[in-house]
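Working notes, beginning with the structure itself.
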Amino acid sequence: MTTRGIVLFAHGSRDAQWREPVEAVARRVAEQAADARVRCAYLELVAPDLPAAVAELVAEGVASIHVVPLFLGMGRHAREDLPLLMAELRQQHPAVQFTQAPAVGQDPAVIDLLAQLALHPPQ
């Protein structure tokens, strides 16, 4: 069975604490999908960027990579920057099958969860 790759793609920040939730999601995904190799990648300000994370997975023999944009909305980065990056990756790695999820903030389950958190703040 071919190992699949999952890249959690976020904006990035110089503040290491900002990355903690992204990395926590990556750990949770890895726990729940033993057959997947999971990486975080960032658009700017911190490494690895998306091409570097993908290159690492490809070097490990991953033949399919699913990119999950951890953005709340379809702003310029998700609407313009990511599609350009994905096109470049497809050119650089033609043997790899790439898929891309919509921005997580568009998922009804995420919207419901955020609403629940707003309605029931921690005590």
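In the structure tokens, each chain is lettered A, B, ... as it comes, each chain's residues begin at 1, and ligands are numbered from 1 in order of appearance.
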Skip A:Glu56 itself and residues of its chain fewer than 2 positions away, then list as a PDB file with all heavy atoms, in the first residue's frame all residues within 12 Å of it, counting only C-alpha atoms.
ATOM      1  N   GLY A   5       0.442  11.292   1.654  1.00  0.00           N
ATOM      2  CA  GLY A   5       0.948  12.459   2.347  1.00  0.00           C
ATOM      3  C   GLY A   5      -0.170  13.459   2.586  1.00  0.00           C
ATOM      4  O   GLY A   5      -1.072  13.607   1.764  1.00  0.00           O
ATOM      5  N   ILE A   6      -0.109  14.106   3.714  1.00  0.00           N
ATOM      6  CA  ILE A   6      -1.055  15.169   4.057  1.00  0.00           C
ATOM      7  C   ILE A   6      -0.224  16.366   4.503  1.00  0.00           C
ATOM      8  O   ILE A   6       0.631  16.244   5.382  1.00  0.00           O
ATOM      9  CB  ILE A   6      -2.016  14.749   5.182  1.00  0.00           C
ATOM     10  CG1 ILE A   6      -2.844  13.542   4.747  1.00  0.00           C
ATOM     11  CG2 ILE A   6      -2.906  15.926   5.592  1.00  0.00           C
ATOM     12  CD1 ILE A   6      -3.677  12.923   5.858  1.00  0.00           C
ATOM     13  N   VAL A   7      -0.473  17.511   3.872  1.00  0.00           N
ATOM     14  CA  VAL A   7       0.229  18.740   4.249  1.00  0.00           C
ATOM     15  C   VAL A   7      -0.797  19.727   4.777  1.00  0.00           C
ATOM     16  O   VAL A   7      -1.749  20.092   4.079  1.00  0.00           O
ATOM     17  CB  VAL A   7       0.985  19.359   3.056  1.00  0.00           C
ATOM     18  CG1 VAL A   7       1.672  20.655   3.492  1.00  0.00           C
ATOM     19  CG2 VAL A   7       2.011  18.378   2.491  1.00  0.00           C
ATOM     20  N   ARG A  37       1.750  10.155   6.040  1.00  0.00           N
ATOM     21  CA  ARG A  37       2.875  10.977   6.491  1.00  0.00           C
ATOM     22  C   ARG A  37       2.347  12.409   6.496  1.00  0.00           C
ATOM     23  O   ARG A  37       1.858  12.891   5.475  1.00  0.00           O
ATOM     24  CB  ARG A  37       4.052  10.835   5.554  1.00  0.00           C
ATOM     25  CG  ARG A  37       4.557   9.416   5.461  1.00  0.00           C
ATOM     26  CD  ARG A  37       6.056   9.417   5.258  1.00  0.00           C
ATOM     27  NE  ARG A  37       6.546   8.089   5.001  1.00  0.00           N
ATOM     28  CZ  ARG A  37       6.967   7.251   5.956  1.00  0.00           C
ATOM     29  NH1 ARG A  37       6.937   7.627   7.204  1.00  0.00           N
ATOM     30  NH2 ARG A  37       7.424   6.054   5.641  1.00  0.00           N
ATOM     31  N   VAL A  38       2.444  13.066   7.639  1.00  0.00           N
ATOM     32  CA  VAL A  38       1.830  14.380   7.823  1.00  0.00           C
ATOM     33  C   VAL A  38       2.926  15.425   8.010  1.00  0.00           C
ATOM     34  O   VAL A  38       3.877  15.214   8.761  1.00  0.00           O
ATOM     35  CB  VAL A  38       0.890  14.382   9.047  1.00  0.00           C
ATOM     36  CG1 VAL A  38       0.209  15.736   9.202  1.00  0.00           C
ATOM     37  CG2 VAL A  38      -0.128  13.257   8.939  1.00  0.00           C
ATOM     38  N   ARG A  39       2.761  16.541   7.322  1.00  0.00           N
ATOM     39  CA  ARG A  39       3.700  17.649   7.442  1.00  0.00           C
ATOM     40  C   ARG A  39       2.923  18.955   7.580  1.00  0.00           C
ATOM     41  O   ARG A  39       1.817  19.084   7.059  1.00  0.00           O
ATOM     42  CB  ARG A  39       4.595  17.766   6.197  1.00  0.00           C
ATOM     43  CG  ARG A  39       5.499  16.590   5.946  1.00  0.00           C
ATOM     44  CD  ARG A  39       6.604  16.502   6.997  1.00  0.00           C
ATOM     45  NE  ARG A  39       7.542  15.446   6.700  1.00  0.00           N
ATOM     46  CZ  ARG A  39       7.379  14.160   7.024  1.00  0.00           C
ATOM     47  NH1 ARG A  39       6.280  13.770   7.633  1.00  0.00           N
ATOM     48  NH2 ARG A  39       8.307  13.272   6.738  1.00  0.00           N
ATOM     49  N   CYS A  40       3.543  19.913   8.244  1.00  0.00           N
ATOM     50  CA  CYS A  40       3.051  21.286   8.265  1.00  0.00           C
ATOM     51  C   CYS A  40       3.875  22.061   7.247  1.00  0.00           C
ATOM     52  O   CYS A  40       5.054  21.776   7.045  1.00  0.00           O
ATOM     53  CB  CYS A  40       3.233  21.908   9.647  1.00  0.00           C
ATOM     54  SG  CYS A  40       2.329  21.071  10.964  1.00  0.00           S
ATOM     55  N   ALA A  41       3.251  23.033   6.620  1.00  0.00           N
ATOM     56  CA  ALA A  41       3.950  23.927   5.696  1.00  0.00           C
ATOM     57  C   ALA A  41       3.352  25.311   5.867  1.00  0.00           C
ATOM     58  O   ALA A  41       2.191  25.460   6.229  1.00  0.00           O
ATOM     59  CB  ALA A  41       3.796  23.450   4.257  1.00  0.00           C
ATOM     60  N   PRO A  48       8.949  24.828   7.296  1.00  0.00           N
ATOM     61  CA  PRO A  48       9.172  24.702   5.864  1.00  0.00           C
ATOM     62  C   PRO A  48       8.053  25.368   5.064  1.00  0.00           C
ATOM     63  O   PRO A  48       6.920  25.468   5.527  1.00  0.00           O
ATOM     64  CB  PRO A  48       9.153  23.193   5.635  1.00  0.00           C
ATOM     65  CG  PRO A  48       8.193  22.682   6.663  1.00  0.00           C
ATOM     66  CD  PRO A  48       8.390  23.584   7.858  1.00  0.00           C
ATOM     67  N   ASP A  49       8.398  25.786   3.855  1.00  0.00           N
ATOM     68  CA  ASP A  49       7.356  26.268   2.957  1.00  0.00           C
ATOM     69  C   ASP A  49       6.736  25.042   2.264  1.00  0.00           C
ATOM     70  O   ASP A  49       7.174  23.899   2.474  1.00  0.00           O
ATOM     71  CB  ASP A  49       7.885  27.300   1.971  1.00  0.00           C
ATOM     72  CG  ASP A  49       8.982  26.768   1.058  1.00  0.00           C
ATOM     73  OD1 ASP A  49       9.231  25.538   1.010  1.00  0.00           O
ATOM     74  OD2 ASP A  49       9.604  27.593   0.365  1.00  0.00           O
ATOM     75  N   LEU A  50       5.719  25.272   1.466  1.00  0.00           N
ATOM     76  CA  LEU A  50       5.002  24.165   0.829  1.00  0.00           C
ATOM     77  C   LEU A  50       5.903  23.341  -0.092  1.00  0.00           C
ATOM     78  O   LEU A  50       5.902  22.104  -0.001  1.00  0.00           O
ATOM     79  CB  LEU A  50       3.760  24.678   0.096  1.00  0.00           C
ATOM     80  CG  LEU A  50       2.827  23.629  -0.495  1.00  0.00           C
ATOM     81  CD1 LEU A  50       2.335  22.638   0.553  1.00  0.00           C
ATOM     82  CD2 LEU A  50       1.647  24.311  -1.180  1.00  0.00           C
ATOM     83  N   PRO A  51       6.703  23.965  -0.964  1.00  0.00           N
ATOM     84  CA  PRO A  51       7.578  23.150  -1.818  1.00  0.00           C
ATOM     85  C   PRO A  51       8.550  22.272  -1.017  1.00  0.00           C
ATOM     86  O   PRO A  51       8.803  21.124  -1.385  1.00  0.00           O
ATOM     87  CB  PRO A  51       8.315  24.184  -2.671  1.00  0.00           C
ATOM     88  CG  PRO A  51       7.370  25.347  -2.728  1.00  0.00           C
ATOM     89  CD  PRO A  51       6.731  25.383  -1.362  1.00  0.00           C
ATOM     90  N   ALA A  52       9.082  22.783   0.089  1.00  0.00           N
ATOM     91  CA  ALA A  52      10.020  22.005   0.898  1.00  0.00           C
ATOM     92  C   ALA A  52       9.317  20.824   1.577  1.00  0.00           C
ATOM     93  O   ALA A  52       9.855  19.714   1.621  1.00  0.00           O
ATOM     94  CB  ALA A  52      10.693  22.892   1.933  1.00  0.00           C
ATOM     95  N   ALA A  53       8.122  21.054   2.110  1.00  0.00           N
ATOM     96  CA  ALA A  53       7.380  19.968   2.758  1.00  0.00           C
ATOM     97  C   ALA A  53       7.022  18.889   1.744  1.00  0.00           C
ATOM     98  O   ALA A  53       7.138  17.687   2.027  1.00  0.00           O
ATOM     99  CB  ALA A  53       6.119  20.519   3.428  1.00  0.00           C
ATOM    100  N   VAL A  54       6.599  19.301   0.553  1.00  0.00           N
ATOM    101  CA  VAL A  54       6.265  18.342  -0.503  1.00  0.00           C
ATOM    102  C   VAL A  54       7.508  17.573  -0.933  1.00  0.00           C
ATOM    103  O   VAL A  54       7.466  16.344  -1.089  1.00  0.00           O
ATOM    104  CB  VAL A  54       5.586  19.051  -1.697  1.00  0.00           C
ATOM    105  CG1 VAL A  54       5.554  18.160  -2.926  1.00  0.00           C
ATOM    106  CG2 VAL A  54       4.178  19.485  -1.303  1.00  0.00           C
ATOM    107  N   VAL A  58       7.947  13.551  -1.032  1.00  0.00           N
ATOM    108  CA  VAL A  58       8.296  12.858  -2.279  1.00  0.00           C
ATOM    109  C   VAL A  58       9.564  12.029  -2.079  1.00  0.00           C
ATOM    110  O   VAL A  58       9.658  10.892  -2.533  1.00  0.00           O
ATOM    111  CB  VAL A  58       8.434  13.859  -3.447  1.00  0.00           C
ATOM    112  CG1 VAL A  58       9.007  13.188  -4.682  1.00  0.00           C
ATOM    113  CG2 VAL A  58       7.075  14.492  -3.762  1.00  0.00           C
ATOM    114  N   ALA A  59      10.543  12.587  -1.363  1.00  0.00           N
ATOM    115  CA  ALA A  59      11.787  11.863  -1.093  1.00  0.00           C
ATOM    116  C   ALA A  59      11.534  10.599  -0.266  1.00  0.00           C
ATOM    117  O   ALA A  59      12.292   9.638  -0.357  1.00  0.00           O
ATOM    118  CB  ALA A  59      12.778  12.779  -0.383  1.00  0.00           C
ATOM    119  N   GLU A  60      10.467  10.601   0.509  1.00  0.00           N
ATOM    120  CA  GLU A  60      10.095   9.431   1.311  1.00  0.00           C
ATOM    121  C   GLU A  60       9.266   8.427   0.508  1.00  0.00           C
ATOM    122  O   GLU A  60       8.840   7.414   1.046  1.00  0.00           O
ATOM    123  CB  GLU A  60       9.318   9.869   2.554  1.00  0.00           C
ATOM    124  CG  GLU A  60      10.155  10.658   3.531  1.00  0.00           C
ATOM    125  CD  GLU A  60       9.369  11.146   4.729  1.00  0.00           C
ATOM    126  OE1 GLU A  60       8.247  10.650   4.975  1.00  0.00           O
ATOM    127  OE2 GLU A  60       9.873  12.031   5.435  1.00  0.00           O
ATOM    128  N   GLY A  61       9.002   8.738  -0.766  1.00  0.00           N
ATOM    129  CA  GLY A  61       8.276   7.810  -1.621  1.00  0.00           C
ATOM    130  C   GLY A  61       6.776   7.987  -1.655  1.00  0.00           C
ATOM    131  O   GLY A  61       6.059   7.143  -2.188  1.00  0.00           O
ATOM    132  N   VAL A  62       6.273   9.094  -1.118  1.00  0.00           N
ATOM    133  CA  VAL A  62       4.839   9.349  -1.129  1.00  0.00           C
ATOM    134  C   VAL A  62       4.397   9.660  -2.563  1.00  0.00           C
ATOM    135  O   VAL A  62       5.015  10.460  -3.251  1.00  0.00           O
ATOM    136  CB  VAL A  62       4.497  10.519  -0.179  1.00  0.00           C
ATOM    137  CG1 VAL A  62       3.063  10.959  -0.333  1.00  0.00           C
ATOM    138  CG2 VAL A  62       4.795  10.120   1.255  1.00  0.00           C
ATOM    139  N   ALA A  63       3.324   8.998  -3.004  1.00  0.00           N
ATOM    140  CA  ALA A  63       2.854   9.162  -4.389  1.00  0.00           C
ATOM    141  C   ALA A  63       1.605  10.027  -4.503  1.00  0.00           C
ATOM    142  O   ALA A  63       1.233  10.425  -5.598  1.00  0.00           O
ATOM    143  CB  ALA A  63       2.584   7.796  -5.011  1.00  0.00           C
ATOM    144  N   ILE A  65      -0.447  13.368  -2.451  1.00  0.00           N
ATOM    145  CA  ILE A  65      -0.364  14.379  -1.395  1.00  0.00           C
ATOM    146  C   ILE A  65      -1.630  15.211  -1.397  1.00  0.00           C
ATOM    147  O   ILE A  65      -2.024  15.768  -2.422  1.00  0.00           O
ATOM    148  CB  ILE A  65       0.878  15.276  -1.589  1.00  0.00           C
ATOM    149  CG1 ILE A  65       2.152  14.429  -1.496  1.00  0.00           C
ATOM    150  CG2 ILE A  65       0.883  16.413  -0.566  1.00  0.00           C
ATOM    151  CD1 ILE A  65       3.428  15.189  -1.799  1.00  0.00           C
ATOM    152  N   HIS A  93       6.641  17.791  -9.796  1.00  0.00           N
ATOM    153  CA  HIS A  93       6.478  16.397  -9.376  1.00  0.00           C
ATOM    154  C   HIS A  93       5.333  15.748 -10.169  1.00  0.00           C
ATOM    155  O   HIS A  93       4.280  15.426  -9.613  1.00  0.00           O
ATOM    156  CB  HIS A  93       6.180  16.328  -7.875  1.00  0.00           C
ATOM    157  CG  HIS A  93       7.179  17.042  -7.024  1.00  0.00           C
ATOM    158  ND1 HIS A  93       8.427  16.523  -6.735  1.00  0.00           N
ATOM    159  CD2 HIS A  93       7.129  18.253  -6.409  1.00  0.00           C
ATOM    160  CE1 HIS A  93       9.088  17.369  -5.965  1.00  0.00           C
ATOM    161  NE2 HIS A  93       8.320  18.425  -5.753  1.00  0.00           N
TER     162      HIS A  93
END
**Q.** All alpha helix (DSSP H) positions in stretch 6-78 of chain A, as a list in words
**A.**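 Answer for stretch 6-78 of chain A, restricted to alpha helix (DSSP H): Ala16, Gln17, Trp18, Arg19, Glu20, Pro21, Val22, Glu23, Ala24, Val25, Ala26, Arg27, Arg28, Val29, Ala30, Glu31, Gln32, Leu50, Pro51, Ala52, Ala53, Val54, Ala55, Glu56, Leu57, Val58, Ala59 and Arg76 of chain A.
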Q.
So that I can check the surroundings of A:Tyr42, please list as a list in words every protein, DNA and RNA residue that reaches within 9 Å of it, counting only C-alpha atoms and ignoring chain neighbours fewer than 2 positions away.
A.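 Residues meeting the cut-off are Leu8, Phe9, Ala10, His11, Gly12, Ser13, Cys40, Glu44, Leu45, Val46, Ala47, Pro48, Asp49 and Leu50 of chain A.
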Mind dumping the selected residues with N, CA and C atoms as a PDB file, in the first residue's frame?
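Written out: out_13.pdb:
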ATOM      1  N   LEU A   8      -0.599  20.139   6.016  1.00  0.00           N
ATOM      2  CA  LEU A   8      -1.421  21.181   6.616  1.00  0.00           C
ATOM      3  C   LEU A   8      -0.734  22.502   6.308  1.00  0.00           C
ATOM      4  N   PHE A   9      -1.396  23.324   5.503  1.00  0.00           N
ATOM      5  CA  PHE A   9      -0.803  24.547   4.981  1.00  0.00           C
ATOM      6  C   PHE A   9      -1.402  25.758   5.684  1.00  0.00           C
ATOM      7  N   ALA A  10      -0.548  26.506   6.377  1.00  0.00           N
ATOM      8  CA  ALA A  10      -0.996  27.677   7.130  1.00  0.00           C
ATOM      9  C   ALA A  10      -0.190  28.911   6.720  1.00  0.00           C
ATOM     10  N   HIS A  11      -0.614  30.064   7.192  1.00  0.00           N
ATOM     11  CA  HIS A  11       0.023  31.317   6.808  1.00  0.00           C
ATOM     12  C   HIS A  11       1.463  31.405   7.286  1.00  0.00           C
ATOM     13  N   GLY A  12       1.682  31.232   8.559  1.00  0.00           N
ATOM     14  CA  GLY A  12       3.019  31.344   9.132  1.00  0.00           C
ATOM     15  C   GLY A  12       3.166  32.577   9.998  1.00  0.00           C
ATOM     16  N   SER A  13       4.058  32.474  10.971  1.00  0.00           N
ATOM     17  CA  SER A  13       4.341  33.574  11.886  1.00  0.00           C
ATOM     18  C   SER A  13       5.726  33.348  12.476  1.00  0.00           C
ATOM     19  N   CYS A  40       3.543  19.913   8.244  1.00  0.00           N
ATOM     20  CA  CYS A  40       3.051  21.286   8.265  1.00  0.00           C
ATOM     21  C   CYS A  40       3.875  22.061   7.247  1.00  0.00           C
ATOM     22  N   GLU A  44       4.610  31.851   4.583  1.00  0.00           N
ATOM     23  CA  GLU A  44       5.689  32.812   4.777  1.00  0.00           C
ATOM     24  C   GLU A  44       6.109  32.863   6.234  1.00  0.00           C
ATOM     25  N   LEU A  45       7.243  33.459   6.463  1.00  0.00           N
ATOM     26  CA  LEU A  45       7.780  33.791   7.780  1.00  0.00           C
ATOM     27  C   LEU A  45       8.367  32.625   8.569  1.00  0.00           C
ATOM     28  N   VAL A  46       8.128  31.390   8.163  1.00  0.00           N
ATOM     29  CA  VAL A  46       8.660  30.238   8.892  1.00  0.00           C
ATOM     30  C   VAL A  46       8.808  29.060   7.930  1.00  0.00           C
ATOM     31  N   ALA A  47       9.751  28.213   8.217  1.00  0.00           N
ATOM     32  CA  ALA A  47       9.970  27.013   7.407  1.00  0.00           C
ATOM     33  C   ALA A  47       9.293  25.821   8.084  1.00  0.00           C
ATOM     34  N   PRO A  48       8.949  24.828   7.296  1.00  0.00           N
ATOM     35  CA  PRO A  48       9.172  24.702   5.864  1.00  0.00           C
ATOM     36  C   PRO A  48       8.053  25.368   5.064  1.00  0.00           C
ATOM     37  N   ASP A  49       8.398  25.786   3.855  1.00  0.00           N
ATOM     38  CA  ASP A  49       7.356  26.268   2.957  1.00  0.00           C
ATOM     39  C   ASP A  49       6.736  25.042   2.264  1.00  0.00           C
ATOM     40  N   LEU A  50       5.719  25.272   1.466  1.00  0.00           N
ATOM     41  CA  LEU A  50       5.002  24.165   0.829  1.00  0.00           C
ATOM     42  C   LEU A  50       5.903  23.341  -0.092  1.00  0.00           C
TER      43      LEU A  50
END
Q: For atom CA of A:Glu80 and atom CA of A:Phe98, quote the distance in Å rounded to one decimal.
A: 17.1 Å
Q.
I'd like to know which residues of chain A are strand (DSSP E) (by DSSP, run on the backbone); could you write them as a list in words?
A.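 The strand (DSSP E) subset of chain A is Arg4, Gly5, Ile6, Val7, Leu8, Phe9, Ala10, Ala36, Arg37, Val38, Arg39, Cys40, Ala41, Tyr42, Ser64, Ile65, His66, Val67, Val68, Pro69, Gln97, Phe98, Thr99 and Gln100 of chain A.
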Q. Which is closest to A:Ala34 among A:Thr3, A:Val68, A:Thr99, A:Gln116, if we use only C-alpha atoms?
A.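 Looking at the shortest contact to A:Ala34, the residue is A:Thr3.
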Q: In Å, rounded to a single decimal, give me how far atom CA of A:Val67 is from atom CA of A:Met86.
A: 8.9 Å
Q. Near A:Phe71, counting only C-alpha atoms, which residues have an atom at most 7 Å away, once you skip same-chain residues fewer than 2 positions from it, shown as a list in words?
A.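 Within the cut-off, the hits are Ala10, Pro69, Gly73, Ala103, Val104 and Gly105 of chain A.
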May I have the selected residues written with all heavy atoms, as a PDB file, in the first residue's frame?
ATOM      1  N   ALA A  10      -0.548  26.506   6.377  1.00  0.00           N
ATOM      2  CA  ALA A  10      -0.996  27.677   7.130  1.00  0.00           C
ATOM      3  C   ALA A  10      -0.190  28.911   6.720  1.00  0.00           C
ATOM      4  O   ALA A  10       0.804  28.796   6.004  1.00  0.00           O
ATOM      5  CB  ALA A  10      -0.845  27.417   8.626  1.00  0.00           C
ATOM      6  N   PRO A  69      -5.592  23.604   3.388  1.00  0.00           N
ATOM      7  CA  PRO A  69      -5.330  24.989   3.797  1.00  0.00           C
ATOM      8  C   PRO A  69      -6.014  25.312   5.130  1.00  0.00           C
ATOM      9  O   PRO A  69      -7.239  25.255   5.228  1.00  0.00           O
ATOM     10  CB  PRO A  69      -5.934  25.830   2.675  1.00  0.00           C
ATOM     11  CG  PRO A  69      -6.304  24.878   1.586  1.00  0.00           C
ATOM     12  CD  PRO A  69      -6.441  23.534   2.214  1.00  0.00           C
ATOM     13  N   GLY A  73     -10.956  31.612   5.823  1.00  0.00           N
ATOM     14  CA  GLY A  73     -11.709  32.067   4.661  1.00  0.00           C
ATOM     15  C   GLY A  73     -10.908  31.941   3.389  1.00  0.00           C
ATOM     16  O   GLY A  73      -9.729  31.592   3.397  1.00  0.00           O
ATOM     17  N   ALA A 103     -10.469  25.790   1.937  1.00  0.00           N
ATOM     18  CA  ALA A 103     -10.059  26.369   3.220  1.00  0.00           C
ATOM     19  C   ALA A 103     -10.936  25.780   4.323  1.00  0.00           C
ATOM     20  O   ALA A 103     -12.153  25.655   4.157  1.00  0.00           O
ATOM     21  CB  ALA A 103     -10.199  27.891   3.183  1.00  0.00           C
ATOM     22  N   VAL A 104     -10.309  25.388   5.436  1.00  0.00           N
ATOM     23  CA  VAL A 104     -11.058  24.695   6.490  1.00  0.00           C
ATOM     24  C   VAL A 104     -12.223  25.524   7.012  1.00  0.00           C
ATOM     25  O   VAL A 104     -13.235  24.971   7.440  1.00  0.00           O
ATOM     26  CB  VAL A 104     -10.153  24.251   7.658  1.00  0.00           C
ATOM     27  CG1 VAL A 104      -9.162  23.199   7.214  1.00  0.00           C
ATOM     28  CG2 VAL A 104      -9.469  25.422   8.327  1.00  0.00           C
ATOM     29  N   GLY A 105     -12.101  26.834   6.977  1.00  0.00           N
ATOM     30  CA  GLY A 105     -13.171  27.696   7.471  1.00  0.00           C
ATOM     31  C   GLY A 105     -14.446  27.631   6.654  1.00  0.00           C
ATOM     32  O   GLY A 105     -15.484  28.121   7.086  1.00  0.00           O
TER      33      GLY A 105
END
